[in-house]
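Enquirer: Structure in structure tokens, see below.
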Amino acid sequence: MANKRVAIIASSGGLETAYKVLNIATAAAALEAEVGIFFTFEGLSIIHNHSEQMLQLKPENAGLAEGFKKANVPTIAQLLEIAKETGVRMIACQMTVDVMGLDKEDFIDGIELGGAATYLDYAFDAEVTLNF
Amino acid sequence: MTTVIQTNHVVMCEGMACPMPVVKTKKGMEEIQSGEVLEVRATDKGSVADLQSWSSRTGHQYIGLKEKDGVFHHYLRKASEHETKNEMKFPHVISNAELAEKMSTSEKIHVLDVREPAEYSFERIPGAISIPMSELEEKITQLQTDQQYYVVCKSGNRSDRVCQLLDERGFSKVKNVVPGMSGWLGATERDE
């Protein structure tokens with residue numbers, strides 16, 4: 001069976017988005033798909049060195065914090081680790097990184113920088129594309 | 001009575017939420033050899049649907065599920081290359097229908113099931129003897145060379161190899177059941 005390819009755009013911030021993106025990405029990798037995520041605008045906070053402080057639940061979702069704990073949901077750091085281990089490609093959008101005055105050093109190890117064409121070149125051959 | 005099912009490796013995902021059960025299952029599969037059986041223990045209700053989807057997508061065999069004290073025990077068998085590629089070589093075969101016919105005429109039939117214990121536990125031909133292919137060498141003394149055996153597995157490949165082996169050891173009356181349990185329509189039994 002030829003491997004499937006999944007291309008994801010993460011363009012929003014918040015803890016909710018981080019989970020949506022990373023759950024789908026790590027599950028897809030477990031299903032032996034090739035997975036790439038393009039992080040842009042607020043989505044960059046997911047791979048930022050200080051993501052733990054930056055990723056918060058929306059005020060209206062504050063009540064979910066308890067549920068997250070109870071369900072023993074993995075942390076974002078754990079999911080990022082799994083993503084790296086399972087070969088998920090993580091691309092930070094160069095343009096937004098520049099606009100925000102950030103550097104590659106502001107992000108976790110193992111990410112790459114690229115532009116829209118890098119993502120599109122990857123996404124053209126994807127069976128599944130998602131935008132969060 | 002609940003029987004303990006023998007497996008080659010156990011992955012513990014109790015208390016873990018999605019997507020950890022599939023992530024850990026994939027890792028666990030990498031620890032075992034083709035044809036071996038992995039047990040995944042999970043409390044995530046989503047794992048019931050997810051691990052079946054995972055198996056069908058990755059080509060591994062989902063053997064079955066047992067629930068005990070709120071824990072799901074999933075049994076999966078790692079796919080092996082040769083099972084899909086090898087051609088069957090043993091000349092003496094019997095079809096599922098012919099075997100079912102023989103069994104219905106109350107002839108005393110000896111069915112030898114060479115699948116893994118987990119597969120045997122979930123579904124087998126009533127009265128079948130269980131000797132997994134991997135244990136044939138050590139358990140061959142439980143069999144008699146002059147006895148007629150109908151050797152069965154899931155799709156006829158493991159049983160083909162076992163028939164060849166038994167033939168070399170002087171068993172003259174063995175037959176490979178084709179295709180085997182994957183197409184078996186007759187009566188079955190299982191462990192409770």
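Each chain of the structure tokens is named A, B, ... in the order shown, its residues numbered from 1; ligands are numbered from 1 in display order.
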At a cut-off of 7 Å, can you tabulate as JSON lines every residue of chain B near chain A together with its closest atom pair and the distance in Å to one decimal, using only C-alpha atoms and ordering rows by chain then number?

Expert:
```
{"residue": "B:Gly15", "atom": "CA", "partner": "A:Asn72", "partner_atom": "CA", "distance": 6.4}
{"residue": "B:Met16", "atom": "CA", "partner": "A:Asn72", "partner_atom": "CA", "distance": 5.8}
{"residue": "B:Ala17", "atom": "CA", "partner": "A:Val73", "partner_atom": "CA", "distance": 5.1}
{"residue": "B:Pro19", "atom": "CA", "partner": "A:Ala27", "partner_atom": "CA", "distance": 5.7}
{"residue": "B:Val22", "atom": "CA", "partner": "A:Ala30", "partner_atom": "CA", "distance": 6.2}
{"residue": "B:Val23", "atom": "CA", "partner": "A:Ala30", "partner_atom": "CA", "distance": 5.3}
{"residue": "B:Lys26", "atom": "CA", "partner": "A:Ala30", "partner_atom": "CA", "distance": 5.8}
{"residue": "B:Trp54", "atom": "CA", "partner": "A:Leu31", "partner_atom": "CA", "distance": 6.0}
{"residue": "B:Arg57", "atom": "CA", "partner": "A:Leu31", "partner_atom": "CA", "distance": 6.7}
{"residue": "B:Thr58", "atom": "CA", "partner": "A:Leu31", "partner_atom": "CA", "distance": 6.3}
```

Enquirer: Considering only C-alpha atoms, return as a list in words whatever protein or nucleic-acid residues lie within 8 Å of segment 130-136 of chain B, sequence-local ones (same chain, fewer than 6 positions apart) excluded.

Expert: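 These residues fall inside the cut-off: Leu112, Asp113, Val114, Arg115, Glu116, Pro117, Tyr120, Arg158, Ser159 and Val162 of chain B.
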
Enquirer: Write to file, as a tab-separated table (two decimals), in the first residue's frame, the residues of the selection just made, with C-alpha atoms.

Expert:
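Written output follows (result-v4.tsv):
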```
chain	number	residue	atom	x	y	z
B	112	LEU	CA	-5.05	-29.25	13.79
B	113	ASP	CA	-5.18	-25.48	14.20
B	114	VAL	CA	-1.72	-23.92	13.75
B	115	ARG	CA	-2.64	-20.28	14.33
B	116	GLU	CA	-1.55	-18.23	17.36
B	117	PRO	CA	-3.34	-18.92	20.67
B	120	TYR	CA	-7.67	-19.84	18.32
B	158	ARG	CA	0.89	-21.36	7.66
B	159	SER	CA	-0.98	-24.66	7.38
B	162	VAL	CA	3.10	-27.13	8.61
```

Enquirer: Give the strand (DSSP E or B) residues of segment 28-170 of chain B, as DSSP finds them on the backbone, and put them as number ranges by chain.

Expert: B: 37-42, 61-68, 71-77, 93-95, 111-113, 124, 129-130, 149-152

Enquirer: Nearest residue to Ile109 of chain B out of B:Gly156, B:Lys175, B:Ala49, B:Leu166, using only C-alpha atoms?

Expert: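 Among the listed residues, B:Lys175 lies closest to Ile109 of chain B.
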
Enquirer: Could you work out how far atom CA of Thr25 of chain B lies from atom CA of Phe122 of chain B, giving the answer in Å with one decimal?

Expert: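 That distance, rounded to one decimal, is 20.2 Å.
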
Enquirer: For the atom pair atom CA of Lys45 of chain B and atom CA of Lys68 of chain B, what is the interatomic distance in Å to one decimal place?

Expert: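 It comes out at 13.0 Å.
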
Enquirer: Assign secondary structure with DSSP using the backbone only, and return the residues of segment 24-132 of chain A in alpha helix (DSSP H) as an MDAnalysis selection string.

Expert: chainID A and resid 24:30 51:54 64:70 76:85 94:99 116:123

Enquirer: Could you tell me how far atom CA of Val177 of chain B lies from atom CA of Thr141 of chain B, in Å and to one decimal?

Expert: 21.7 Å

Enquirer: Contacts of Thr75 of chain A at 10 Å or less, counting only C-alpha atoms, minus same-chain residues fewer than 5 places along, as a list in words?

Expert: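 The neighbour list is Tyr19, Glu52, Phe68, Lys69, Leu80 and Glu81 of chain A.
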
Enquirer: Write out, as a PDB file, in the first residue's frame, the residues just selected, with C-alpha atoms.

Expert:
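Written output follows (part.pdb):
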```pdb
ATOM      1  CA  TYR A  19      -4.572  19.666  20.242  1.00  0.00           C
ATOM      2  CA  GLU A  52       3.400  26.111  27.320  1.00  0.00           C
ATOM      3  CA  PHE A  68      -8.274  17.551  30.153  1.00  0.00           C
ATOM      4  CA  LYS A  69      -6.683  16.472  33.409  1.00  0.00           C
ATOM      5  CA  LEU A  80       5.416  17.410  19.790  1.00  0.00           C
ATOM      6  CA  GLU A  81       7.968  14.830  20.892  1.00  0.00           C
TER       7      GLU A  81
END
```

Enquirer: With a distance cut-off of 9 Å and only C-alpha atoms, select the neighbouring residues of Gly13 of chain A, excluding the residue or stretch itself and same-chain residues fewer than 6 positions from it, and output the selection as a VMD selection string.

Expert: chain A and resid 41 to 46 54 to 56

Enquirer: Any chance you could export the current selection's C-alpha atoms as a CSV table (one decimal), in the first residue's frame?

Expert:
```
chain,number,residue,atom,x,y,z
A,41,PHE,CA,0.4,33.4,12.2
A,42,GLU,CA,-0.9,32.5,15.6
A,43,GLY,CA,-0.2,28.8,14.8
A,44,LEU,CA,3.5,29.5,15.3
A,45,SER,CA,2.9,29.5,19.0
A,46,ILE,CA,2.4,25.7,18.9
A,54,MET,CA,1.5,30.9,25.1
A,55,LEU,CA,-1.1,28.2,24.6
A,56,GLN,CA,-4.1,28.8,26.8
```

Enquirer: Find the spatial neighbours of segment 100-105 of chain B, counting only C-alpha atoms, within a cut-off of 12 Å - ignore same-chain residues fewer than 6 positions away - and output them as a PyMOL selection string.

Expert: chain B and resi 94+111+125-128+150+177-178+180-181+183-188

Enquirer: Using only C-alpha atoms, pick whichever of A:Pro59, A:Ile8, A:Ile76, A:Leu130 has the shortest atom-to-atom distance to Val35 of chain A.

Expert: A:Ile8

Enquirer: For Ile9 of chain A, please output as a ChimeraX atom specification all residues within 9 Å (counting only C-alpha atoms; exclusion window: fewer than 5 positions along the same chain).

Expert: /A:21,36-40,43,119,129-132

Enquirer: Write the residues of the preceding selection, restricted to N, CA and C atoms, as a short mmCIF file (atom, residue, chain, number, x, y, z; two decimals), in the first residue's frame.

Expert:
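Output contents, as saved in part_12.cif:
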```cif
data_model
loop_
_atom_site.label_atom_id
_atom_site.label_comp_id
_atom_site.auth_asym_id
_atom_site.auth_seq_id
_atom_site.Cartn_x
_atom_site.Cartn_y
_atom_site.Cartn_z
N VAL A 21 -4.51 20.03 15.93
CA VAL A 21 -3.44 19.83 14.96
C VAL A 21 -2.59 18.61 15.32
N GLY A 36 2.86 16.49 7.13
CA GLY A 36 3.55 17.77 7.16
C GLY A 36 2.63 18.84 7.71
N ILE A 37 3.15 19.71 8.58
CA ILE A 37 2.34 20.80 9.14
C ILE A 37 3.02 22.13 8.81
N PHE A 38 2.24 23.04 8.30
CA PHE A 38 2.73 24.39 8.00
C PHE A 38 2.18 25.32 9.07
N PHE A 39 3.06 25.87 9.91
CA PHE A 39 2.64 26.75 11.00
C PHE A 39 2.76 28.19 10.57
N THR A 40 1.67 28.93 10.69
CA THR A 40 1.70 30.32 10.26
C THR A 40 0.86 31.18 11.20
N GLY A 43 -0.60 30.23 14.72
CA GLY A 43 -0.24 28.81 14.78
C GLY A 43 1.22 28.60 15.16
N TYR A 119 5.12 24.66 1.30
CA TYR A 119 3.93 23.94 1.74
C TYR A 119 3.13 23.41 0.55
N THR A 129 -5.91 17.28 3.07
CA THR A 129 -5.39 18.59 3.53
C THR A 129 -6.36 19.15 4.55
N LEU A 130 -5.79 19.72 5.59
CA LEU A 130 -6.61 20.22 6.70
C LEU A 130 -6.13 21.60 7.09
N ASN A 131 -7.04 22.40 7.57
CA ASN A 131 -6.68 23.75 7.99
C ASN A 131 -7.28 24.01 9.36
N PHE A 132 -6.42 24.29 10.33
CA PHE A 132 -6.91 24.58 11.68
C PHE A 132 -6.58 26.00 12.07
#
```

Enquirer: Which residues come within 10 Å of Gln52 of chain B, counting only C-alpha atoms, excluding same-chain residues fewer than 3 positions away, as a PyMOL selection string?

Expert: chain B and resi 47-49+55-58+60-65+74+76

Enquirer: Looking at only C-alpha atoms, which of A:Glu34, A:Glu16, A:Asp103, A:Glu66 is the one that sits closest to Lys4 of chain A?

Expert: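 That would be A:Glu34, the residue with the smallest distance to Lys4 of chain A.
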
Enquirer: Would you please work out which residue, of A:Leu102, A:Asp109, A:Asn61, A:Ala10, is nearest to Glu85 of chain A when using only C-alpha atoms?

Expert: A:Asp109
